[in-house]
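Dropping work-v9.tsv in here (TSV, C-alpha atoms and all ligand atoms):
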```tsv
chain	number	residue	atom	x	y	z
Z	18	MET	CA	7.95	-23.83	99.77
Z	19	ILE	CA	7.88	-22.06	96.45
Z	20	ASN	CA	7.16	-18.35	96.11
Z	21	VAL	CA	4.37	-18.02	93.56
Z	22	HIS	CA	3.07	-14.91	91.82
Z	23	SER	CA	0.05	-16.56	90.20
Z	24	VAL	CA	-1.28	-19.83	88.87
Z	25	GLU	CA	-2.88	-20.50	85.51
Z	26	SER	CA	-5.09	-23.52	84.91
Z	27	LEU	CA	-5.59	-25.01	81.46
Z	28	GLY	CA	-2.66	-23.10	79.95
Z	29	THR	CA	-1.89	-23.90	76.32
Z	30	PHE	CA	1.09	-21.61	75.71
Z	31	ASP	CA	3.82	-22.84	78.07
Z	32	GLY	CA	4.70	-26.32	76.87
Z	33	PRO	CA	2.92	-29.25	75.21
Z	34	GLY	CA	-0.78	-29.97	75.69
Z	35	ILE	CA	-2.91	-28.46	78.42
Z	36	ARG	CA	-0.92	-27.33	81.45
Z	37	LEU	CA	-1.09	-26.09	84.97
Z	38	VAL	CA	1.33	-23.16	85.04
Z	39	PHE	CA	2.95	-21.70	88.14
Z	40	PHE	CA	4.38	-18.22	87.62
Z	41	LEU	CA	7.02	-17.76	90.28
Z	42	GLN	CA	7.92	-14.43	91.85
Z	43	GLY	CA	11.33	-12.85	91.25
Z	44	CYS	CA	13.57	-12.49	88.21
Z	45	ASN	CA	17.25	-11.78	87.60
Z	46	PHE	CA	16.55	-10.05	84.26
Z	47	LYS	CA	14.60	-6.90	83.51
Z	48	CYS	CA	13.53	-7.25	79.91
Z	49	LEU	CA	12.18	-4.11	78.30
Z	50	TYR	CA	9.23	-6.05	76.86
Z	51	CYS	CA	8.46	-8.17	79.92
Z	52	SER	CA	4.71	-8.79	79.88
Z	53	ASN	CA	4.72	-9.77	83.57
Z	54	PRO	CA	6.82	-6.96	85.11
Z	55	ASP	CA	5.01	-7.50	88.41
Z	56	THR	CA	6.83	-10.85	88.71
Z	57	ILE	CA	10.32	-9.28	88.56
Z	58	GLU	CA	10.66	-7.90	92.07
Z	59	LYS	CA	12.01	-10.41	94.60
Z	60	LYS	CA	9.25	-10.05	97.14
Z	61	THR	CA	7.10	-12.60	98.89
Z	62	GLY	CA	4.05	-13.77	96.99
Z	63	ARG	CA	1.92	-16.82	97.68
Z	64	LEU	CA	4.01	-19.48	99.41
Z	65	MET	CA	3.00	-22.95	98.27
Z	66	THR	CA	4.02	-26.33	99.61
Z	67	THR	CA	4.82	-29.44	97.59
Z	68	THR	CA	1.58	-31.00	98.82
Z	69	GLU	CA	-0.50	-28.04	97.57
Z	70	VAL	CA	1.15	-28.09	94.14
Z	71	LEU	CA	0.73	-31.85	93.88
Z	72	GLN	CA	-2.92	-31.62	94.89
Z	73	MET	CA	-3.62	-28.96	92.27
Z	74	ALA	CA	-1.90	-31.07	89.63
Z	75	ARG	CA	-3.89	-34.14	90.66
Z	76	ASN	CA	-7.15	-32.19	90.46
Z	77	GLN	CA	-6.32	-31.14	86.93
Z	78	ARG	CA	-4.90	-34.44	85.72
Z	79	PRO	CA	-8.09	-35.28	83.72
Z	80	PHE	CA	-7.44	-32.23	81.50
Z	81	PHE	CA	-3.79	-32.96	80.80
Z	82	GLY	CA	-4.32	-35.79	78.32
Z	83	GLU	CA	-1.19	-37.50	77.02
Z	84	LYS	CA	0.98	-34.47	76.52
Z	85	GLY	CA	0.00	-31.96	79.19
Z	86	GLY	CA	1.31	-31.45	82.69
Z	87	VAL	CA	2.87	-28.87	84.95
Z	88	THR	CA	5.03	-25.89	83.95
Z	89	VAL	CA	6.94	-23.48	86.13
Z	90	SER	CA	7.47	-20.07	84.59
Z	91	GLY	CA	7.95	-16.61	85.97
Z	92	GLY	CA	9.61	-14.45	86.84
Z	93	GLU	CA	12.57	-16.75	86.68
Z	94	PRO	CA	11.70	-20.15	88.17
Z	95	LEU	CA	15.27	-21.42	88.42
Z	96	LEU	CA	16.04	-18.81	91.08
Z	97	GLN	CA	13.99	-21.20	93.23
Z	98	ALA	CA	15.58	-24.41	91.94
Z	99	ARG	CA	16.35	-25.71	95.44
Z	100	GLU	CA	12.75	-25.17	96.58
Z	101	LEU	CA	11.40	-26.65	93.35
Z	102	LEU	CA	13.36	-29.85	93.70
Z	103	PRO	CA	10.98	-31.63	96.14
Z	104	VAL	CA	8.03	-30.37	94.08
Z	105	PHE	CA	9.39	-31.79	90.82
Z	106	LYS	CA	10.45	-35.04	92.49
Z	107	ALA	CA	6.89	-35.47	93.78
Z	108	LEU	CA	5.36	-34.58	90.42
Z	109	LYS	CA	7.57	-37.03	88.56
Z	110	ALA	CA	6.89	-39.76	91.14
Z	111	ASP	CA	3.19	-39.21	90.42
Z	112	GLY	CA	3.71	-39.47	86.67
Z	113	PHE	CA	3.29	-35.83	85.64
Z	114	ASN	CA	5.03	-34.23	82.69
Z	115	THR	CA	7.19	-31.34	83.94
Z	116	CYS	CA	8.38	-28.30	82.10
Z	117	VAL	CA	10.52	-25.29	83.03
Z	118	ASP	CA	10.27	-21.96	81.20
Z	119	THR	CA	13.56	-20.18	81.93
Z	120	ASN	CA	15.95	-17.45	80.85
Z	121	GLY	CA	18.77	-19.90	81.59
Z	122	ALA	CA	20.74	-17.43	83.66
Z	123	SER	CA	21.40	-19.80	86.51
Z	124	LEU	CA	23.35	-23.05	86.38
Z	125	SER	CA	23.88	-24.06	89.99
Z	126	ALA	CA	24.09	-27.61	91.34
Z	127	SER	CA	20.40	-27.35	92.33
Z	128	VAL	CA	19.47	-26.28	88.80
Z	129	LYS	CA	21.35	-29.24	87.36
Z	130	GLU	CA	19.61	-31.61	89.77
Z	131	LEU	CA	16.20	-30.08	88.98
Z	132	LEU	CA	16.82	-30.70	85.29
Z	133	ASP	CA	16.98	-34.45	86.08
Z	134	TYR	CA	13.29	-34.19	87.00
Z	135	THR	CA	12.35	-31.93	84.07
Z	136	ASP	CA	10.92	-33.37	80.87
Z	137	LEU	CA	11.17	-30.28	78.72
Z	138	VAL	CA	12.94	-26.92	78.95
Z	139	LEU	CA	11.54	-23.84	77.28
Z	140	LEU	CA	14.70	-21.77	76.99
Z	141	ASP	CA	14.13	-18.08	76.36
Z	142	ILE	CA	17.07	-16.71	74.45
Z	143	LYS	CA	16.48	-12.97	74.49
Z	144	GLN	CA	19.29	-12.13	72.12
Z	145	ILE	CA	22.33	-14.05	70.89
Z	146	GLU	CA	24.59	-10.99	70.59
Z	147	PRO	CA	25.89	-10.03	74.07
Z	148	LYS	CA	25.65	-6.23	73.80
Z	149	ALA	CA	22.21	-6.32	72.22
Z	150	HIS	CA	21.17	-8.80	74.92
Z	151	GLU	CA	22.23	-6.38	77.60
Z	152	LYS	CA	20.18	-3.66	75.94
Z	153	ILE	CA	16.97	-5.69	75.88
Z	154	ALA	CA	17.35	-7.75	79.09
Z	155	GLY	CA	19.49	-5.50	81.27
Z	156	THR	CA	22.18	-8.15	81.74
Z	157	LYS	CA	24.63	-10.35	79.85
Z	158	ASN	CA	23.73	-13.63	78.12
Z	159	LEU	CA	26.86	-15.62	78.95
Z	160	THR	CA	25.19	-17.97	81.45
Z	161	THR	CA	22.16	-18.44	79.19
Z	162	LEU	CA	24.43	-19.65	76.39
Z	163	LYS	CA	26.34	-21.91	78.80
Z	164	PHE	CA	22.98	-23.20	80.04
Z	165	ALA	CA	22.01	-24.01	76.44
Z	166	SER	CA	25.27	-25.92	75.98
Z	167	TYR	CA	24.64	-27.82	79.20
Z	168	LEU	CA	21.17	-28.83	77.93
Z	169	GLN	CA	22.85	-30.09	74.78
Z	170	GLU	CA	25.41	-32.03	76.80
Z	171	ILE	CA	22.75	-33.85	78.84
Z	172	GLY	CA	20.43	-34.27	75.83
Z	173	LYS	CA	17.53	-32.45	77.48
Z	174	PRO	CA	14.55	-31.86	75.14
Z	175	THR	CA	14.40	-28.11	74.61
Z	176	TRP	CA	12.28	-25.56	72.81
Z	177	ILE	CA	13.97	-22.23	72.17
Z	178	ARG	CA	11.72	-19.20	72.61
Z	179	TYR	CA	12.67	-15.96	70.93
Z	180	VAL	CA	10.71	-12.74	71.24
Z	181	LEU	CA	10.94	-10.83	67.97
Z	182	VAL	CA	11.18	-7.14	68.80
Z	183	PRO	CA	11.56	-4.76	65.83
Z	184	GLY	CA	14.84	-2.90	66.10
Z	185	TYR	CA	16.06	-4.97	69.06
Z	186	THR	CA	16.08	-8.64	68.14
Z	187	ASP	CA	15.14	-8.82	64.47
Z	188	LYS	CA	18.46	-8.02	62.75
Z	189	GLU	CA	19.32	-10.61	60.13
Z	190	GLU	CA	22.87	-11.14	61.42
Z	191	HIS	CA	21.59	-11.86	64.93
Z	192	LEU	CA	18.99	-14.32	63.67
Z	193	GLN	CA	21.71	-16.03	61.60
Z	194	GLN	CA	23.90	-16.26	64.73
Z	195	LEU	CA	21.01	-17.78	66.64
Z	196	GLY	CA	20.43	-20.34	63.88
Z	197	LEU	CA	24.14	-21.23	63.85
Z	198	PHE	CA	24.16	-21.57	67.63
Z	199	VAL	CA	21.32	-24.09	67.74
Z	200	GLN	CA	21.76	-25.94	64.46
Z	201	ASN	CA	23.89	-28.77	65.88
Z	202	MET	CA	21.97	-29.08	69.11
Z	203	GLN	CA	20.14	-32.37	68.63
Z	204	ASN	CA	18.15	-31.74	71.82
Z	205	VAL	CA	16.52	-28.60	70.39
Z	206	GLU	CA	13.17	-29.76	69.05
Z	207	ARG	CA	11.92	-26.41	67.80
Z	208	ILE	CA	12.34	-22.66	67.81
Z	209	ASP	CA	9.29	-20.59	68.72
Z	210	ILE	CA	9.22	-17.05	67.41
Z	211	LEU	CA	7.08	-14.98	69.76
Z	212	PRO	CA	5.96	-11.75	68.09
Z	213	TYR	CA	6.45	-8.73	70.32
Z	214	HIS	CA	3.25	-7.38	71.88
Z	215	LYS	CA	2.42	-4.60	74.31
Z	216	LEU	CA	-0.11	-6.49	76.43
Z	217	GLY	CA	1.81	-5.91	79.67
Z	218	LYS	CA	2.13	-2.16	79.16
Z	219	HIS	CA	-0.60	-1.19	81.62
Z	220	LYS	CA	1.29	-3.07	84.34
Z	221	TYR	CA	4.26	-0.71	83.93
Z	222	GLU	CA	1.96	2.21	84.54
Z	223	ALA	CA	0.59	0.51	87.66
Z	224	LEU	CA	4.16	-0.10	88.89
Z	225	GLY	CA	5.16	3.51	88.15
Z	226	TRP	CA	7.79	2.30	85.64
Z	227	ASP	CA	8.59	3.79	82.24
Z	228	TYR	CA	7.56	1.63	79.33
Z	229	GLN	CA	10.66	2.08	77.22
Z	230	LEU	CA	9.38	0.39	74.06
Z	231	GLU	CA	6.56	2.87	73.56
Z	232	GLN	CA	7.85	3.84	70.10
Z	233	VAL	CA	8.41	0.26	68.91
Z	234	GLU	CA	5.91	-0.88	66.30
Z	235	LEU	CA	4.40	-4.34	66.41
Z	236	ASN	CA	5.87	-6.82	63.91
Z	237	SER	CA	4.42	-6.81	60.44
Z	238	LYS	CA	3.43	-10.17	58.98
Z	239	GLU	CA	6.35	-9.78	56.57
Z	240	ASN	CA	8.84	-9.22	59.40
Z	241	ILE	CA	7.73	-12.40	61.14
Z	242	GLU	CA	7.91	-14.40	57.89
Z	243	ARG	CA	11.33	-12.93	57.19
Z	244	ALA	CA	12.64	-14.02	60.61
Z	245	LYS	CA	11.18	-17.48	60.14
Z	246	ASN	CA	12.80	-17.83	56.73
Z	247	ILE	CA	16.18	-16.77	58.12
Z	248	LEU	CA	16.01	-19.44	60.83
Z	249	LEU	CA	14.53	-22.31	58.79
Z	250	PRO	CA	17.72	-23.28	56.89
Z	251	TYR	CA	19.33	-24.21	60.22
Z	252	GLY	CA	17.29	-27.38	60.25
Z	253	LYS	CA	14.90	-26.80	63.13
Z	254	VAL	CA	11.13	-26.65	63.19
Z	255	VAL	CA	10.30	-22.93	63.45
Z	256	LEU	CA	6.88	-21.95	64.76
Z	257	VAL	CA	5.26	-18.58	65.32
Z	258	ASN	CA	3.33	-18.41	68.57
Z	301	LIG	S1	13.25	-13.04	81.95
Z	301	LIG	FE1	11.02	-13.19	81.69
Z	301	LIG	S2	10.13	-12.60	83.64
Z	301	LIG	FE2	12.28	-11.94	83.65
Z	301	LIG	S3	12.20	-9.83	82.98
Z	301	LIG	FE3	12.57	-11.08	81.18
Z	301	LIG	S4	10.56	-11.50	80.30
Z	301	LIG	FE4	10.25	-10.76	82.42
```
Spell out the structure here as C-alpha cells.
Amino acid sequence: MINVHSVESLGTFDGPGIRLVFFLQGCNFKCLYCSNPDTIEKKTGRLMTTTEVLQMARNQRPFFGEKGGVTVSGGEPLLQARELLPVFKALKADGFNTCVDTNGASLSASVKELLDYTDLVLLDIKQIEPKAHEKIAGTKNLTTLKFASYLQEIGKPTWIRYVLVPGYTDKEEHLQQLGLFVQNMQNVERIDILPYHKLGKHKYEALGWDYQLEQVELNSKENIERAKNILLPYGKVVLVN
C-alpha cells in the first residue's frame, strides 16, 4: 500500500498532458519554500492499494489523451519506491504513462527497479552548489546529483525542475553550474524554471512552523528572464512554469 497525502485529478503541472497526481506523505528534505509542508512529516495518511490506484486511473483515462497519465509527487515519492513498484507495474501493464516527481535523494535497488516502469522523471534540483543546497533544502545534494547521473546512464527521459528563489538559487554562477551539469545529458528534455511563490505560507502557520522566507521578494519578470538567458546557451529547452 502507498501512503498518500492527497490526490489531484486533472492536474496539468506535474508532467505532460492531463494527469492524475498522487501526493505521497513523507519527505527527506525540508525546503524553506516547500509549498506542501504538510506532506513532509512521515506520518500515516491515506493508505491506498494498487487496485484503488489502478481503478482511479482507469476512471480518468478518457481525460488523459495521448500524453497524460499518472504522476507520483510529494512529499518525496521515492521514499516509497518498494510500495510503488506493484502500482507502477500494474499501471504500465494497463498502458498508462507514468511519471515521478522527485528530489532524487534516494537511489536504492527499489528506486532503480521503479525507474524501469517510469516513463518520465521530473527531477527537482534545488541547488547545484552543495552548501547553498543545504541552506535551502536542509540537506546535501550529493545523492540528487548521483541520481541525475544515473538517469543519464540509463537514458531516462527527464525534465529538470528548478525553483528560482531570489537570494538563494538565482546567483549567476550557480545557474551556470547547473547549465554545465546538464548540458551533456541527452536524456534531459527540458529545464523548467519555477518562480518562487508564497502560496504555501498559511500552511506553515497552521503547522506552527516559522516561515523563514518571509523577507524574500517574489521574482521580478527581469530576474526570471535573466535566469532563463543564463541557462539557454547550454542547449536545453528552458521553460518558465
Ligand atoms: S523536496 Fe519537495 S516536498 Fe520535500 S520539502 Fe522540498 S519541496 Fe517540500
Can I get the residues of chain Z within 6 Å of ligand LIG 301 (chain Z), each with the closest pair of atoms and their distance in Å to one decimal, using all atoms listed in the file, sorted chain first then ascending number, as a tab-separated table?
```
residue	atom	partner	partner_atom	distance
Z:Cys44	CA	Z:LIG301	FE2	4.8
Z:Phe46	CA	Z:LIG301	S3	4.5
Z:Lys47	CA	Z:LIG301	S3	3.8
Z:Cys48	CA	Z:LIG301	FE3	4.1
Z:Cys51	CA	Z:LIG301	S4	4.0
Z:Asn53	CA	Z:LIG301	FE4	5.7
Z:Pro54	CA	Z:LIG301	FE4	5.8
Z:Ile57	CA	Z:LIG301	S3	5.9
Z:Gly91	CA	Z:LIG301	S2	5.1
Z:Gly92	CA	Z:LIG301	S2	3.7
Z:Glu93	CA	Z:LIG301	FE2	5.7
Z:Asn120	CA	Z:LIG301	S1	5.3
```
Produce a file of the selected residues containing C-alpha atoms, as a JSON list (two decimals), keeping the file's coordinate frame.
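For reference, out35.json as written:
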```json
[["chain", "number", "residue", "atom", "x", "y", "z"],
["Z", 44, "CYS", "CA", 13.57, -12.49, 88.21],
["Z", 46, "PHE", "CA", 16.55, -10.05, 84.26],
["Z", 47, "LYS", "CA", 14.60, -6.90, 83.51],
["Z", 48, "CYS", "CA", 13.53, -7.25, 79.91],
["Z", 51, "CYS", "CA", 8.46, -8.17, 79.92],
["Z", 53, "ASN", "CA", 4.72, -9.77, 83.57],
["Z", 54, "PRO", "CA", 6.82, -6.96, 85.11],
["Z", 57, "ILE", "CA", 10.32, -9.28, 88.56],
["Z", 91, "GLY", "CA", 7.95, -16.61, 85.97],
["Z", 92, "GLY", "CA", 9.61, -14.45, 86.84],
["Z", 93, "GLU", "CA", 12.57, -16.75, 86.68],
["Z", 120, "ASN", "CA", 15.95, -17.45, 80.85]]
```
Using Å and a single decimal, report how far atom CA of Z:Phe80 sits from atom CA of Z:Asp141.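 So the answer is 26.3 Å.
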Do you know which residues are at most 12 Å from Z:Glu190 counting only C-alpha atoms, after dropping those on the same chain fewer than 5 positions away, and could you put them as a list in words? Gln144, Ile145, Glu146, Ala149, Tyr185, Leu195, Gly196, Leu197, Ala244, Ile247 and Leu248 of chain Z
Can you spit out the residues from that selection as a CSV table (one decimal), in the frame of the given file, using C-alpha atoms?
```
chain,number,residue,atom,x,y,z
Z,144,GLN,CA,19.3,-12.1,72.1
Z,145,ILE,CA,22.3,-14.0,70.9
Z,146,GLU,CA,24.6,-11.0,70.6
Z,149,ALA,CA,22.2,-6.3,72.2
Z,185,TYR,CA,16.1,-5.0,69.1
Z,195,LEU,CA,21.0,-17.8,66.6
Z,196,GLY,CA,20.4,-20.3,63.9
Z,197,LEU,CA,24.1,-21.2,63.8
Z,244,ALA,CA,12.6,-14.0,60.6
Z,247,ILE,CA,16.2,-16.8,58.1
Z,248,LEU,CA,16.0,-19.4,60.8
```
Could you check which of Z:Asp187, Z:Glu130, Z:Asp209, Z:Glu69 is closest to Z:Asp31, using all atoms listed in the file?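 When distances to Z:Asp31 are compared using all atoms listed in the file, the smallest one comes from Z:Asp209.
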Between Z:Glu206, Z:Glu170, Z:Asp111, Z:Glu83, which one has atoms that come closest to Z:Lys129, using all atoms listed in the file?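 The answer is Z:Glu170, which sits nearest to Z:Lys129.
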Compile the contact shell of Z:Phe39 as an MDAnalysis selection string: residues with an atom at most 12 Å away, counting all atoms listed in the file, same-chain residues fewer than 2 positions apart removed. chainID Z and resid 19:28 31 36:37 41:42 56 62:65 69:71 73:74 86:94 101 104 115:118
Using all atoms listed in the file, can you tell me which of Z:Val38, Z:Leu249, Z:Ala107, Z:Leu49 comes closest to Z:Gly85?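 Using all atoms listed in the file, the shortest distance to Z:Gly85 belongs to Z:Val38.
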